[in-house]
>>> print(open('start22.pdb').read())   # PDB, C-alpha atoms and all ligand atoms
ATOM      1  CA  MET Q   8     -51.947  48.298  -5.203  1.00  0.00           C
ATOM      2  CA  LYS Q   9     -50.830  44.693  -5.598  1.00  0.00           C
ATOM      3  CA  LYS Q  10     -48.988  45.684  -8.758  1.00  0.00           C
ATOM      4  CA  ARG Q  11     -47.072  48.476  -6.962  1.00  0.00           C
ATOM      5  CA  ILE Q  12     -45.930  46.150  -4.174  1.00  0.00           C
ATOM      6  CA  LEU Q  13     -44.710  43.691  -6.773  1.00  0.00           C
ATOM      7  CA  THR Q  14     -42.766  46.415  -8.617  1.00  0.00           C
ATOM      8  CA  VAL Q  15     -41.141  47.686  -5.419  1.00  0.00           C
ATOM      9  CA  GLY Q  16     -40.330  44.105  -4.447  1.00  0.00           C
ATOM     10  CA  LEU Q  17     -38.746  43.400  -7.810  1.00  0.00           C
ATOM     11  CA  ALA Q  18     -36.688  46.596  -7.687  1.00  0.00           C
ATOM     12  CA  LEU Q  19     -35.409  45.684  -4.222  1.00  0.00           C
ATOM     13  CA  LEU Q  20     -34.528  42.169  -5.362  1.00  0.00           C
ATOM     14  CA  CYS Q  21     -32.625  43.489  -8.379  1.00  0.00           C
ATOM     15  CA  SER Q  22     -30.617  46.023  -6.394  1.00  0.00           C
ATOM     16  CA  THR Q  23     -29.657  43.390  -3.811  1.00  0.00           C
ATOM     17  CA  ALA Q  24     -28.552  41.030  -6.586  1.00  0.00           C
ATOM     18  CA  ILE Q  25     -26.470  43.785  -8.239  1.00  0.00           C
ATOM     19  CA  GLY Q  26     -25.016  44.753  -4.858  1.00  0.00           C
ATOM     20  CA  ALA Q  27     -23.978  41.172  -4.132  1.00  0.00           C
ATOM     21  CA  GLN Q  28     -22.342  40.904  -7.531  1.00  0.00           C
ATOM     22  CA  ALA Q  29     -20.403  44.138  -7.128  1.00  0.00           C
ATOM     23  CA  ALA Q  30     -19.003  42.948  -3.790  1.00  0.00           C
ATOM     24  CA  LYS Q  31     -17.700  39.758  -5.431  1.00  0.00           C
ATOM     25  CA  ALA Q  32     -16.217  41.459  -8.519  1.00  0.00           C
ATOM     26  CA  ILE Q  33     -12.773  40.162  -9.489  1.00  0.00           C
ATOM     27  CA  ASP Q  34     -10.246  42.441 -11.131  1.00  0.00           C
ATOM     28  CA  PRO Q  35     -10.021  41.487 -14.854  1.00  0.00           C
ATOM     29  CA  SER Q  36      -6.224  41.261 -14.558  1.00  0.00           C
ATOM     30  CA  GLN Q  37      -6.605  38.424 -12.030  1.00  0.00           C
ATOM     31  CA  LEU Q  38      -8.974  36.228 -14.048  1.00  0.00           C
ATOM     32  CA  GLY Q  39      -6.528  34.388 -16.332  1.00  0.00           C
ATOM     33  CA  LEU Q  40      -3.375  32.391 -15.666  1.00  0.00           C
ATOM     34  CA  SER Q  41      -1.239  34.993 -17.449  1.00  0.00           C
ATOM     35  CA  LYS Q  42      -2.276  37.789 -15.053  1.00  0.00           C
ATOM     36  CA  THR Q  43      -2.869  40.286 -17.848  1.00  0.00           C
ATOM     37  CA  ASP Q  44      -6.214  41.961 -18.464  1.00  0.00           C
ATOM     38  CA  VAL Q  45      -8.669  39.526 -20.099  1.00  0.00           C
ATOM     39  CA  THR Q  46      -9.382  42.122 -22.798  1.00  0.00           C
ATOM     40  CA  ASP Q  47      -5.676  42.209 -23.834  1.00  0.00           C
ATOM     41  CA  VAL Q  48      -4.557  40.197 -26.858  1.00  0.00           C
ATOM     42  CA  PRO Q  49      -1.067  39.142 -25.720  1.00  0.00           C
ATOM     43  CA  THR Q  50       1.579  37.754 -28.070  1.00  0.00           C
ATOM     44  CA  PRO Q  51       2.913  34.599 -26.414  1.00  0.00           C
ATOM     45  CA  PRO Q  52       6.680  34.084 -26.670  1.00  0.00           C
ATOM     46  CA  ALA Q  53       7.736  31.742 -29.502  1.00  0.00           C
ATOM     47  CA  VAL Q  54       8.554  28.217 -28.310  1.00  0.00           C
ATOM     48  CA  GLN Q  55      10.694  25.524 -29.885  1.00  0.00           C
ATOM     49  CA  HIS Q  56      10.065  21.794 -30.000  1.00  0.00           C
ATOM     50  CA  ALA Q  57      12.364  20.021 -27.604  1.00  0.00           C
ATOM     51  CA  GLY Q  58      13.227  16.956 -29.724  1.00  0.00           C
ATOM     52  CA  LYS Q  59      15.573  16.244 -32.614  1.00  0.00           C
ATOM     53  CA  PRO Q  60      14.119  14.742 -35.840  1.00  0.00           C
ATOM     54  CA  PRO Q  61      12.768  11.154 -35.449  1.00  0.00           C
ATOM     55  CA  GLY Q  62      15.539   8.622 -34.928  1.00  0.00           C
ATOM     56  CA  ALA Q  63      18.247  11.285 -34.511  1.00  0.00           C
ATOM     57  CA  GLY Q  64      19.119  10.307 -30.915  1.00  0.00           C
ATOM     58  CA  ASN Q  65      16.022  11.147 -28.884  1.00  0.00           C
ATOM     59  CA  THR Q  66      15.452   9.886 -25.339  1.00  0.00           C
ATOM     60  CA  LEU Q  67      11.960   8.573 -24.543  1.00  0.00           C
ATOM     61  CA  TRP Q  68      10.099  10.584 -21.904  1.00  0.00           C
ATOM     62  CA  ASP Q  69       9.102   8.864 -18.688  1.00  0.00           C
ATOM     63  CA  PRO Q  70       5.267   8.702 -18.802  1.00  0.00           C
ATOM     64  CA  GLY Q  71       3.769  10.809 -16.006  1.00  0.00           C
ATOM     65  CA  TYR Q  72       1.678   7.933 -14.674  1.00  0.00           C
ATOM     66  CA  ASN Q  73       0.699   4.362 -15.518  1.00  0.00           C
ATOM     67  CA  THR Q  74      -1.519   4.190 -18.690  1.00  0.00           C
ATOM     68  CA  ALA Q  75      -0.510   7.743 -19.731  1.00  0.00           C
ATOM     69  CA  PRO Q  76      -0.050   8.170 -23.490  1.00  0.00           C
ATOM     70  CA  PRO Q  77       3.742   8.523 -23.937  1.00  0.00           C
ATOM     71  CA  LEU Q  78       4.935  11.983 -25.023  1.00  0.00           C
ATOM     72  CA  ILE Q  79       6.350  12.352 -28.531  1.00  0.00           C
ATOM     73  CA  PRO Q  80      10.126  12.504 -27.954  1.00  0.00           C
ATOM     74  CA  HIS Q  81      11.026  13.735 -31.465  1.00  0.00           C
ATOM     75  CA  ASP Q  82      10.495  16.940 -33.412  1.00  0.00           C
ATOM     76  CA  VAL Q  83       7.169  16.997 -35.293  1.00  0.00           C
ATOM     77  CA  THR Q  84       7.933  19.839 -37.723  1.00  0.00           C
ATOM     78  CA  GLY Q  85       6.163  19.003 -40.989  1.00  0.00           C
ATOM     79  CA  LEU Q  86       4.385  15.986 -39.437  1.00  0.00           C
ATOM     80  CA  MET Q  87       1.415  17.893 -38.006  1.00  0.00           C
ATOM     81  CA  PRO Q  88      -1.476  18.404 -38.230  1.00  0.00           C
ATOM     82  CA  VAL Q  89      -2.944  14.928 -38.685  1.00  0.00           C
ATOM     83  CA  THR Q  90      -5.707  15.172 -41.289  1.00  0.00           C
ATOM     84  CA  ILE Q  91      -8.015  12.581 -42.836  1.00  0.00           C
ATOM     85  CA  LYS Q  92      -5.882  12.649 -46.011  1.00  0.00           C
ATOM     86  CA  ASN Q  93      -2.462  12.966 -44.392  1.00  0.00           C
ATOM     87  CA  ASN Q  94      -1.350  11.094 -41.287  1.00  0.00           C
ATOM     88  CA  ALA Q  95       2.456  11.197 -41.321  1.00  0.00           C
ATOM     89  CA  CYS Q  96       2.696   9.250 -38.044  1.00  0.00           C
ATOM     90  CA  LEU Q  97       1.399   6.063 -39.671  1.00  0.00           C
ATOM     91  CA  GLY Q  98       4.256   5.921 -42.180  1.00  0.00           C
ATOM     92  CA  CYS Q  99       6.725   5.086 -39.392  1.00  0.00           C
ATOM     93  CA  HIS Q 100       4.626   3.735 -36.513  1.00  0.00           C
ATOM     94  CA  LEU Q 101       1.977   1.535 -38.186  1.00  0.00           C
ATOM     95  CA  GLN Q 102       3.711  -1.841 -38.085  1.00  0.00           C
ATOM     96  CA  PRO Q 103       1.070  -4.516 -37.376  1.00  0.00           C
ATOM     97  CA  ASP Q 104       3.633  -7.320 -37.742  1.00  0.00           C
ATOM     98  CA  LYS Q 105       5.845  -5.903 -34.999  1.00  0.00           C
ATOM     99  CA  VAL Q 106       3.213  -5.127 -32.330  1.00  0.00           C
ATOM    100  CA  GLY Q 107       4.638  -5.622 -28.828  1.00  0.00           C
ATOM    101  CA  GLN Q 108       8.174  -6.253 -30.101  1.00  0.00           C
ATOM    102  CA  LYS Q 109      11.205  -4.415 -28.724  1.00  0.00           C
ATOM    103  CA  VAL Q 110      12.896  -2.317 -31.405  1.00  0.00           C
ATOM    104  CA  LYS Q 111      16.468  -0.967 -31.538  1.00  0.00           C
ATOM    105  CA  LYS Q 112      17.163   2.565 -30.287  1.00  0.00           C
ATOM    106  CA  GLY Q 113      16.369   5.073 -33.023  1.00  0.00           C
ATOM    107  CA  GLU Q 114      13.723   2.870 -34.680  1.00  0.00           C
ATOM    108  CA  PRO Q 115      10.016   3.822 -34.558  1.00  0.00           C
ATOM    109  CA  ILE Q 116       8.171   2.097 -31.715  1.00  0.00           C
ATOM    110  CA  PRO Q 117       5.300   0.025 -33.210  1.00  0.00           C
ATOM    111  CA  ILE Q 118       1.753   1.219 -32.410  1.00  0.00           C
ATOM    112  CA  PRO Q 119       0.588  -1.062 -29.524  1.00  0.00           C
ATOM    113  CA  ALA Q 120      -2.161  -3.715 -29.716  1.00  0.00           C
ATOM    114  CA  SER Q 121      -4.623  -1.459 -27.831  1.00  0.00           C
ATOM    115  CA  HIS Q 122      -4.808   0.860 -30.894  1.00  0.00           C
ATOM    116  CA  TYR Q 123      -6.020  -1.813 -33.303  1.00  0.00           C
ATOM    117  CA  GLN Q 124      -9.615  -2.785 -34.000  1.00  0.00           C
ATOM    118  CA  THR Q 125      -9.022  -6.034 -32.097  1.00  0.00           C
ATOM    119  CA  GLY Q 126      -7.382  -4.216 -29.159  1.00  0.00           C
ATOM    120  CA  ALA Q 127      -8.742  -3.344 -25.738  1.00  0.00           C
ATOM    121  CA  TYR Q 128     -10.654  -0.240 -26.871  1.00  0.00           C
ATOM    122  CA  GLY Q 129     -10.752  -0.861 -30.627  1.00  0.00           C
ATOM    123  CA  LYS Q 130     -14.097  -1.459 -32.296  1.00  0.00           C
ATOM    124  CA  PRO Q 131     -14.352  -3.573 -35.452  1.00  0.00           C
ATOM    125  CA  GLU Q 132     -15.947  -1.864 -38.457  1.00  0.00           C
ATOM    126  CA  ALA Q 133     -19.678  -2.653 -38.634  1.00  0.00           C
ATOM    127  CA  GLY Q 134     -20.264  -6.070 -40.164  1.00  0.00           C
ATOM    128  CA  ALA Q 135     -16.530  -6.935 -40.466  1.00  0.00           C
ATOM    129  CA  LYS Q 136     -15.471 -10.548 -39.868  1.00  0.00           C
ATOM    130  CA  PRO Q 137     -12.598 -11.018 -37.329  1.00  0.00           C
ATOM    131  CA  ALA Q 138     -10.062 -11.756 -40.090  1.00  0.00           C
ATOM    132  CA  GLU Q 139     -10.974  -8.507 -41.897  1.00  0.00           C
ATOM    133  CA  HIS Q 140     -10.322  -6.135 -39.011  1.00  0.00           C
ATOM    134  CA  LYS Q 141      -7.151  -7.818 -37.752  1.00  0.00           C
ATOM    135  CA  GLY Q 142      -4.207  -5.432 -38.144  1.00  0.00           C
ATOM    136  CA  LYS Q 143      -6.428  -2.407 -38.880  1.00  0.00           C
ATOM    137  CA  LEU Q 144      -6.013   0.737 -36.820  1.00  0.00           C
ATOM    138  CA  SER Q 145      -9.065   1.670 -34.747  1.00  0.00           C
ATOM    139  CA  GLY Q 146     -10.753   4.881 -35.932  1.00  0.00           C
ATOM    140  CA  SER Q 147     -10.662   6.234 -32.368  1.00  0.00           C
ATOM    141  CA  ARG Q 148      -6.836   6.164 -32.520  1.00  0.00           C
ATOM    142  CA  PHE Q 149      -6.431   7.859 -35.903  1.00  0.00           C
ATOM    143  CA  VAL Q 150      -5.726  11.368 -34.608  1.00  0.00           C
ATOM    144  CA  CYS Q 151      -2.558  10.476 -32.698  1.00  0.00           C
ATOM    145  CA  THR Q 152      -2.002  14.029 -31.470  1.00  0.00           C
ATOM    146  CA  GLN Q 153      -5.319  13.977 -29.577  1.00  0.00           C
ATOM    147  CA  CYS Q 154      -3.432  11.932 -26.959  1.00  0.00           C
ATOM    148  CA  HIS Q 155       0.285  12.075 -27.834  1.00  0.00           C
ATOM    149  CA  ARG Q 156       1.834  15.533 -27.615  1.00  0.00           C
ATOM    150  CA  PRO Q 157       5.284  16.816 -28.493  1.00  0.00           C
ATOM    151  CA  GLN Q 158       7.192  18.818 -25.901  1.00  0.00           C
ATOM    152  CA  THR Q 159       8.391  22.389 -26.224  1.00  0.00           C
ATOM    153  CA  ASN Q 160      10.743  24.524 -24.190  1.00  0.00           C
ATOM    154  CA  ALA Q 161       7.744  26.569 -22.905  1.00  0.00           C
ATOM    155  CA  LYS Q 162       7.934  27.595 -19.255  1.00  0.00           C
ATOM    156  CA  PRO Q 163       5.076  26.176 -17.102  1.00  0.00           C
ATOM    157  CA  LEU Q 164       2.334  28.773 -16.492  1.00  0.00           C
ATOM    158  CA  VAL Q 165       1.907  27.699 -12.896  1.00  0.00           C
ATOM    159  CA  GLN Q 166       4.055  25.720 -10.473  1.00  0.00           C
ATOM    160  CA  ASN Q 167       3.230  22.013 -10.688  1.00  0.00           C
ATOM    161  CA  THR Q 168       4.257  19.472  -8.084  1.00  0.00           C
ATOM    162  CA  PHE Q 169       2.406  16.490  -9.596  1.00  0.00           C
ATOM    163  CA  GLY Q 170       4.344  13.269  -9.050  1.00  0.00           C
ATOM    164  CA  LYS Q 171       3.851   9.546  -9.455  1.00  0.00           C
TER
HETATM  165  C1  LIG U   1      10.230   9.356 -39.753  1.00  0.00           C
HETATM  166  C2  LIG U   1       9.622   8.390 -38.845  1.00  0.00           C
HETATM  167  C3  LIG U   1       8.649   8.897 -37.775  1.00  0.00           C
HETATM  168  C4  LIG U   1       7.524   9.665 -37.952  1.00  0.00           C
HETATM  169  C5  LIG U   1       6.970  10.262 -39.250  1.00  0.00           C
HETATM  170  C6  LIG U   1       6.912   9.786 -36.642  1.00  0.00           C
HETATM  171  N1  LIG U   1       7.641   9.116 -35.702  1.00  0.00           N
HETATM  172 FE1  LIG U   1       7.227   8.900 -33.722  1.00  0.00          FE
HETATM  173  N2  LIG U   1       8.982   7.922 -33.413  1.00  0.00           N
HETATM  174  C7  LIG U   1       9.907   7.629 -34.396  1.00  0.00           C
HETATM  175  C8  LIG U   1      11.113   7.081 -33.775  1.00  0.00           C
HETATM  176  C9  LIG U   1      12.355   6.658 -34.509  1.00  0.00           C
HETATM  177  C10 LIG U   1      10.866   7.051 -32.381  1.00  0.00           C
HETATM  178  C11 LIG U   1      11.837   6.616 -31.251  1.00  0.00           C
HETATM  179  C12 LIG U   1      12.512   7.867 -30.684  1.00  0.00           C
HETATM  180  C13 LIG U   1      13.518   8.456 -31.655  1.00  0.00           C
HETATM  181  O1  LIG U   1      14.528   7.791 -31.907  1.00  0.00           O
HETATM  182  O2  LIG U   1      13.305   9.578 -32.163  1.00  0.00           O
HETATM  183  C14 LIG U   1       9.514   7.577 -32.189  1.00  0.00           C
HETATM  184  C15 LIG U   1       8.898   7.682 -30.960  1.00  0.00           C
HETATM  185  C16 LIG U   1       7.575   8.099 -30.783  1.00  0.00           C
HETATM  186  C17 LIG U   1       6.831   8.028 -29.532  1.00  0.00           C
HETATM  187  C18 LIG U   1       7.356   7.556 -28.190  1.00  0.00           C
HETATM  188  C19 LIG U   1       6.795   6.205 -27.788  1.00  0.00           C
HETATM  189  C20 LIG U   1       7.248   5.781 -26.406  1.00  0.00           C
HETATM  190  O3  LIG U   1       7.059   4.589 -26.083  1.00  0.00           O
HETATM  191  O4  LIG U   1       7.773   6.597 -25.632  1.00  0.00           O
HETATM  192  C21 LIG U   1       5.590   8.522 -29.789  1.00  0.00           C
HETATM  193  C22 LIG U   1       4.435   8.675 -28.805  1.00  0.00           C
HETATM  194  C23 LIG U   1       5.542   8.903 -31.183  1.00  0.00           C
HETATM  195  N3  LIG U   1       6.764   8.637 -31.763  1.00  0.00           N
HETATM  196  C24 LIG U   1       4.438   9.451 -31.797  1.00  0.00           C
HETATM  197  C25 LIG U   1       4.439   9.972 -33.088  1.00  0.00           C
HETATM  198  C26 LIG U   1       3.360  10.752 -33.659  1.00  0.00           C
HETATM  199  C27 LIG U   1       2.070  11.121 -32.948  1.00  0.00           C
HETATM  200  C28 LIG U   1       3.741  11.068 -34.936  1.00  0.00           C
HETATM  201  C29 LIG U   1       2.983  11.939 -35.930  1.00  0.00           C
HETATM  202  C30 LIG U   1       2.780  13.318 -35.518  1.00  0.00           C
HETATM  203  C31 LIG U   1       5.043  10.457 -35.184  1.00  0.00           C
HETATM  204  N4  LIG U   1       5.445   9.819 -34.027  1.00  0.00           N
HETATM  205  C32 LIG U   1       5.735  10.494 -36.393  1.00  0.00           C
HETATM  206  C33 LIG U   1       9.738   7.808 -35.756  1.00  0.00           C
HETATM  207  C34 LIG U   1       8.729   8.556 -36.353  1.00  0.00           C
HETATM  208  C1  LIG U   2      -7.227   7.931 -27.421  1.00  0.00           C
HETATM  209  C2  LIG U   2      -5.848   8.218 -27.108  1.00  0.00           C
HETATM  210  C3  LIG U   2      -4.776   7.757 -28.075  1.00  0.00           C
HETATM  211  C4  LIG U   2      -4.698   7.954 -29.439  1.00  0.00           C
HETATM  212  C5  LIG U   2      -5.691   8.710 -30.338  1.00  0.00           C
HETATM  213  C6  LIG U   2      -3.461   7.340 -29.855  1.00  0.00           C
HETATM  214  N1  LIG U   2      -2.807   6.800 -28.773  1.00  0.00           N
HETATM  215 FE1  LIG U   2      -0.989   5.884 -28.798  1.00  0.00          FE
HETATM  216  N2  LIG U   2      -1.148   5.453 -26.795  1.00  0.00           N
HETATM  217  C7  LIG U   2      -2.198   5.882 -25.983  1.00  0.00           C
HETATM  218  C8  LIG U   2      -1.990   5.325 -24.647  1.00  0.00           C
HETATM  219  C9  LIG U   2      -2.920   5.565 -23.457  1.00  0.00           C
HETATM  220  C10 LIG U   2      -0.797   4.577 -24.686  1.00  0.00           C
HETATM  221  C11 LIG U   2      -0.150   3.776 -23.531  1.00  0.00           C
HETATM  222  C12 LIG U   2      -0.994   2.564 -23.207  1.00  0.00           C
HETATM  223  C13 LIG U   2      -1.117   1.610 -24.355  1.00  0.00           C
HETATM  224  O1  LIG U   2      -0.098   1.041 -24.758  1.00  0.00           O
HETATM  225  O2  LIG U   2      -2.244   1.484 -24.857  1.00  0.00           O
HETATM  226  C14 LIG U   2      -0.277   4.688 -26.056  1.00  0.00           C
HETATM  227  C15 LIG U   2       0.889   4.103 -26.498  1.00  0.00           C
HETATM  228  C16 LIG U   2       1.485   4.373 -27.752  1.00  0.00           C
HETATM  229  C17 LIG U   2       2.847   4.000 -28.148  1.00  0.00           C
HETATM  230  C18 LIG U   2       3.875   3.289 -27.268  1.00  0.00           C
HETATM  231  C19 LIG U   2       3.893   1.817 -27.525  1.00  0.00           C
HETATM  232  C20 LIG U   2       4.953   1.086 -26.700  1.00  0.00           C
HETATM  233  O3  LIG U   2       5.084  -0.128 -26.916  1.00  0.00           O
HETATM  234  O4  LIG U   2       5.613   1.691 -25.839  1.00  0.00           O
HETATM  235  C21 LIG U   2       3.023   4.438 -29.438  1.00  0.00           C
HETATM  236  C22 LIG U   2       4.271   4.299 -30.292  1.00  0.00           C
HETATM  237  C23 LIG U   2       1.786   5.062 -29.854  1.00  0.00           C
HETATM  238  N3  LIG U   2       0.870   5.004 -28.808  1.00  0.00           N
HETATM  239  C24 LIG U   2       1.589   5.636 -31.087  1.00  0.00           C
HETATM  240  C25 LIG U   2       0.360   6.186 -31.522  1.00  0.00           C
HETATM  241  C26 LIG U   2       0.123   6.656 -32.878  1.00  0.00           C
HETATM  242  C27 LIG U   2       1.149   6.690 -33.991  1.00  0.00           C
HETATM  243  C28 LIG U   2      -1.183   7.088 -32.918  1.00  0.00           C
HETATM  244  C29 LIG U   2      -1.979   7.578 -34.124  1.00  0.00           C
HETATM  245  C30 LIG U   2      -2.101   6.640 -35.246  1.00  0.00           C
HETATM  246  C31 LIG U   2      -1.735   6.925 -31.568  1.00  0.00           C
HETATM  247  N4  LIG U   2      -0.772   6.347 -30.774  1.00  0.00           N
HETATM  248  C32 LIG U   2      -3.024   7.301 -31.172  1.00  0.00           C
HETATM  249  C33 LIG U   2      -3.255   6.662 -26.358  1.00  0.00           C
HETATM  250  C34 LIG U   2      -3.567   7.038 -27.662  1.00  0.00           C
END
>>> encode(input="start22.pdb", output="structure tokens")
Amino acid sequence: MKKRILTVGLALLCSTAIGAQAAKAIDPSQLGLSKTDVTDVPTPPAVQHAGKPPGAGNTLWDPGYNTAPPLIPHDVTGLMPVTIKNNACLGCHLQPDKVGQKVKKGEPIPIPASHYQTGAYGKPEAGAKPAEHKGKLSGSRFVCTQCHRPQTNAKPLVQNTFGK
């Protein structure tokens, strides 16, 4: 008898749970930002990078807020992805002797002090003496594109009114 009550109880519980779910169901076409069915495999429109090649007359972007990583103003064709064996960004931007110095328009802006092992967030390599890690890039800053992104001519998916 006890067993039967338990079974009936369980069945009731299940049907109420299913009922509640059905009432809340959202149409699959309304789940994503693109407003197509989530089971579709859409082909996004091709986008182009907004910048000209490095040093070819690019204007720096205004950072969205204080402490934001500045956007990459130039084209990055052939410079990405950053891999352990190939980091094209370093060739132009790694200039430990020029940290904090103003450069002429069209010249690569030196990587700031915060990105070095002695900088605000940089960690010296284990066991290294201060003189050994001076001027060395911090490992946490190696993959530049984790924080710095190039811009494309893509249209925003949703209206954005964020301001400073
Ligand atoms: C051939 C040299 C060169 C290479 C390679 C290069 N850059 Fe640049 N970068 C520049 C120059 C020059 C500027 C200044 C803007 C201009 O004139 O294009 C610049 C500007 C920037 C800025 C803007 C800084 C600010 O204060 O607004 C960022 C961020 C940046 N580059 C990141 C990168 C990253 C990340 C890579 C690798 C994917 C990279 N750059 C590769 C030359 C280079
Ligand atoms: C963890 C995030 C992060 C990574 C990774 C990173 N950066 Fe930055 N970067 C920032 C932030 C935040 C700023 C602005 C604040 C500052 O100067 O530290 C900045 C500033 C800069 C600037 C502007 C300096 C100036 O004087 O205006 C350049 C150039 C730059 N980064 C290049 C690079 C390059 C090249 C790499 C890869 C070797 C890299 N960054 C990796 C976050 C990052």
>>> residues_near_ligand(input="start22.pdb", ligand="ligand LIG 1 (chain U)", cutoff="8 Å", atoms="all atoms listed in the file", output="NGL selection string")
:Q and (58-70 or 76-83 or 86-89 or 94-100 or 112-116 or 150-152 or 155-157)
>>> write_last_selection(input="start22.pdb", atoms="C-alpha atoms", output="PDB file, in the frame of the given file")
ATOM      1  CA  GLY Q  58      13.227  16.956 -29.724  1.00  0.00           C
ATOM      2  CA  LYS Q  59      15.573  16.244 -32.614  1.00  0.00           C
ATOM      3  CA  PRO Q  60      14.119  14.742 -35.840  1.00  0.00           C
ATOM      4  CA  PRO Q  61      12.768  11.154 -35.449  1.00  0.00           C
ATOM      5  CA  GLY Q  62      15.539   8.622 -34.928  1.00  0.00           C
ATOM      6  CA  ALA Q  63      18.247  11.285 -34.511  1.00  0.00           C
ATOM      7  CA  GLY Q  64      19.119  10.307 -30.915  1.00  0.00           C
ATOM      8  CA  ASN Q  65      16.022  11.147 -28.884  1.00  0.00           C
ATOM      9  CA  THR Q  66      15.452   9.886 -25.339  1.00  0.00           C
ATOM     10  CA  LEU Q  67      11.960   8.573 -24.543  1.00  0.00           C
ATOM     11  CA  TRP Q  68      10.099  10.584 -21.904  1.00  0.00           C
ATOM     12  CA  ASP Q  69       9.102   8.864 -18.688  1.00  0.00           C
ATOM     13  CA  PRO Q  70       5.267   8.702 -18.802  1.00  0.00           C
ATOM     14  CA  PRO Q  76      -0.050   8.170 -23.490  1.00  0.00           C
ATOM     15  CA  PRO Q  77       3.742   8.523 -23.937  1.00  0.00           C
ATOM     16  CA  LEU Q  78       4.935  11.983 -25.023  1.00  0.00           C
ATOM     17  CA  ILE Q  79       6.350  12.352 -28.531  1.00  0.00           C
ATOM     18  CA  PRO Q  80      10.126  12.504 -27.954  1.00  0.00           C
ATOM     19  CA  HIS Q  81      11.026  13.735 -31.465  1.00  0.00           C
ATOM     20  CA  ASP Q  82      10.495  16.940 -33.412  1.00  0.00           C
ATOM     21  CA  VAL Q  83       7.169  16.997 -35.293  1.00  0.00           C
ATOM     22  CA  LEU Q  86       4.385  15.986 -39.437  1.00  0.00           C
ATOM     23  CA  MET Q  87       1.415  17.893 -38.006  1.00  0.00           C
ATOM     24  CA  PRO Q  88      -1.476  18.404 -38.230  1.00  0.00           C
ATOM     25  CA  VAL Q  89      -2.944  14.928 -38.685  1.00  0.00           C
ATOM     26  CA  ASN Q  94      -1.350  11.094 -41.287  1.00  0.00           C
ATOM     27  CA  ALA Q  95       2.456  11.197 -41.321  1.00  0.00           C
ATOM     28  CA  CYS Q  96       2.696   9.250 -38.044  1.00  0.00           C
ATOM     29  CA  LEU Q  97       1.399   6.063 -39.671  1.00  0.00           C
ATOM     30  CA  GLY Q  98       4.256   5.921 -42.180  1.00  0.00           C
ATOM     31  CA  CYS Q  99       6.725   5.086 -39.392  1.00  0.00           C
ATOM     32  CA  HIS Q 100       4.626   3.735 -36.513  1.00  0.00           C
ATOM     33  CA  LYS Q 112      17.163   2.565 -30.287  1.00  0.00           C
ATOM     34  CA  GLY Q 113      16.369   5.073 -33.023  1.00  0.00           C
ATOM     35  CA  GLU Q 114      13.723   2.870 -34.680  1.00  0.00           C
ATOM     36  CA  PRO Q 115      10.016   3.822 -34.558  1.00  0.00           C
ATOM     37  CA  ILE Q 116       8.171   2.097 -31.715  1.00  0.00           C
ATOM     38  CA  VAL Q 150      -5.726  11.368 -34.608  1.00  0.00           C
ATOM     39  CA  CYS Q 151      -2.558  10.476 -32.698  1.00  0.00           C
ATOM     40  CA  THR Q 152      -2.002  14.029 -31.470  1.00  0.00           C
ATOM     41  CA  HIS Q 155       0.285  12.075 -27.834  1.00  0.00           C
ATOM     42  CA  ARG Q 156       1.834  15.533 -27.615  1.00  0.00           C
ATOM     43  CA  PRO Q 157       5.284  16.816 -28.493  1.00  0.00           C
TER      44      PRO Q 157
END
>>> residues_around(input="start22.pdb", residues="Thr159 (chain Q)", least_positions_apart="3", cutoff="6 Å", atoms="all atoms listed in the file", output="mmCIF file with C-alpha atoms, in the frame of the given file")
data_model
loop_
_atom_site.group_PDB
_atom_site.id
_atom_site.type_symbol
_atom_site.label_atom_id
_atom_site.label_comp_id
_atom_site.auth_asym_id
_atom_site.auth_seq_id
_atom_site.Cartn_x
_atom_site.Cartn_y
_atom_site.Cartn_z
ATOM 1 C CA GLN Q 55 10.694 25.524 -29.885
ATOM 2 C CA HIS Q 56 10.065 21.794 -30.000
ATOM 3 C CA ALA Q 57 12.364 20.021 -27.604
#
>>> closest_residue(input="start22.pdb", among="Q:Ala135, Q:Leu101, Q:Gly142, Q:Pro163", to="ligand LIG 2 (chain U)", atoms="all atoms listed in the file")
Q:Leu101
>>> atom_distance(input="start22.pdb", atom1="atom O2 of ligand LIG 2 (chain U)", atom2="CA of Lys105 (chain Q)")
14.9 Å
>>> resolve_selection(input="start22.pdb", expression="the PyMOL selection byres (((chain Q and resi 165) around 12) and not hetatm)", output="ChimeraX atom specification")
/Q:39-42,161-164,166-169
>>> closest_residue(input="start22.pdb", among="Q:Asp34, Q:Pro52, Q:Thr90, Q:Thr74", to="Phe149 (chain Q)", atoms="all atoms listed in the file")
Q:Thr90
>>> closest_residue(input="start22.pdb", among="Q:Ser36, Q:Thr125, Q:Thr46, Q:Ser147", to="ligand LIG 2 (chain U)", atoms="only C-alpha atoms and all ligand atoms")
Q:Ser147
>>> closest_residue(input="start22.pdb", among="Q:Thr84, Q:Asn73, Q:Gln37, Q:Gln158", to="ligand LIG 2 (chain U)", atoms="only C-alpha atoms and all ligand atoms")
Q:Asn73
>>> atom_distance(input="start22.pdb", atom1="atom C31 of ligand LIG 2 (chain U)", atom2="CA of Leu144 (chain Q)")
9.2 Å
>>> atom_distance(input="start22.pdb", atom1="atom C11 of ligand LIG 2 (chain U)", atom2="CA of Ala75 (chain Q)")
5.5 Å
>>> closest_residue(input="start22.pdb", among="Q:Ile118, Q:Ile91, Q:Val110, Q:Ala53", to="ligand LIG 2 (chain U)", atoms="all atoms listed in the file")
Q:Ile118
>>> axis_aligned_box(input="start22.pdb", around="ligand LIG 2 (chain U)", padding_each_side="6 Å", output="AutoDock Vina command-line options")
--center_x -0.8 --center_y 4.3 --center_z -29.2 --size_x 24.8 --size_y 20.8 --size_z 24.0
>>> closest_residue(input="start22.pdb", among="Q:Leu38, Q:Ala32, Q:Val45, Q:Cys154", to="ligand LIG 2 (chain U)", atoms="all atoms listed in the file")
Q:Cys154
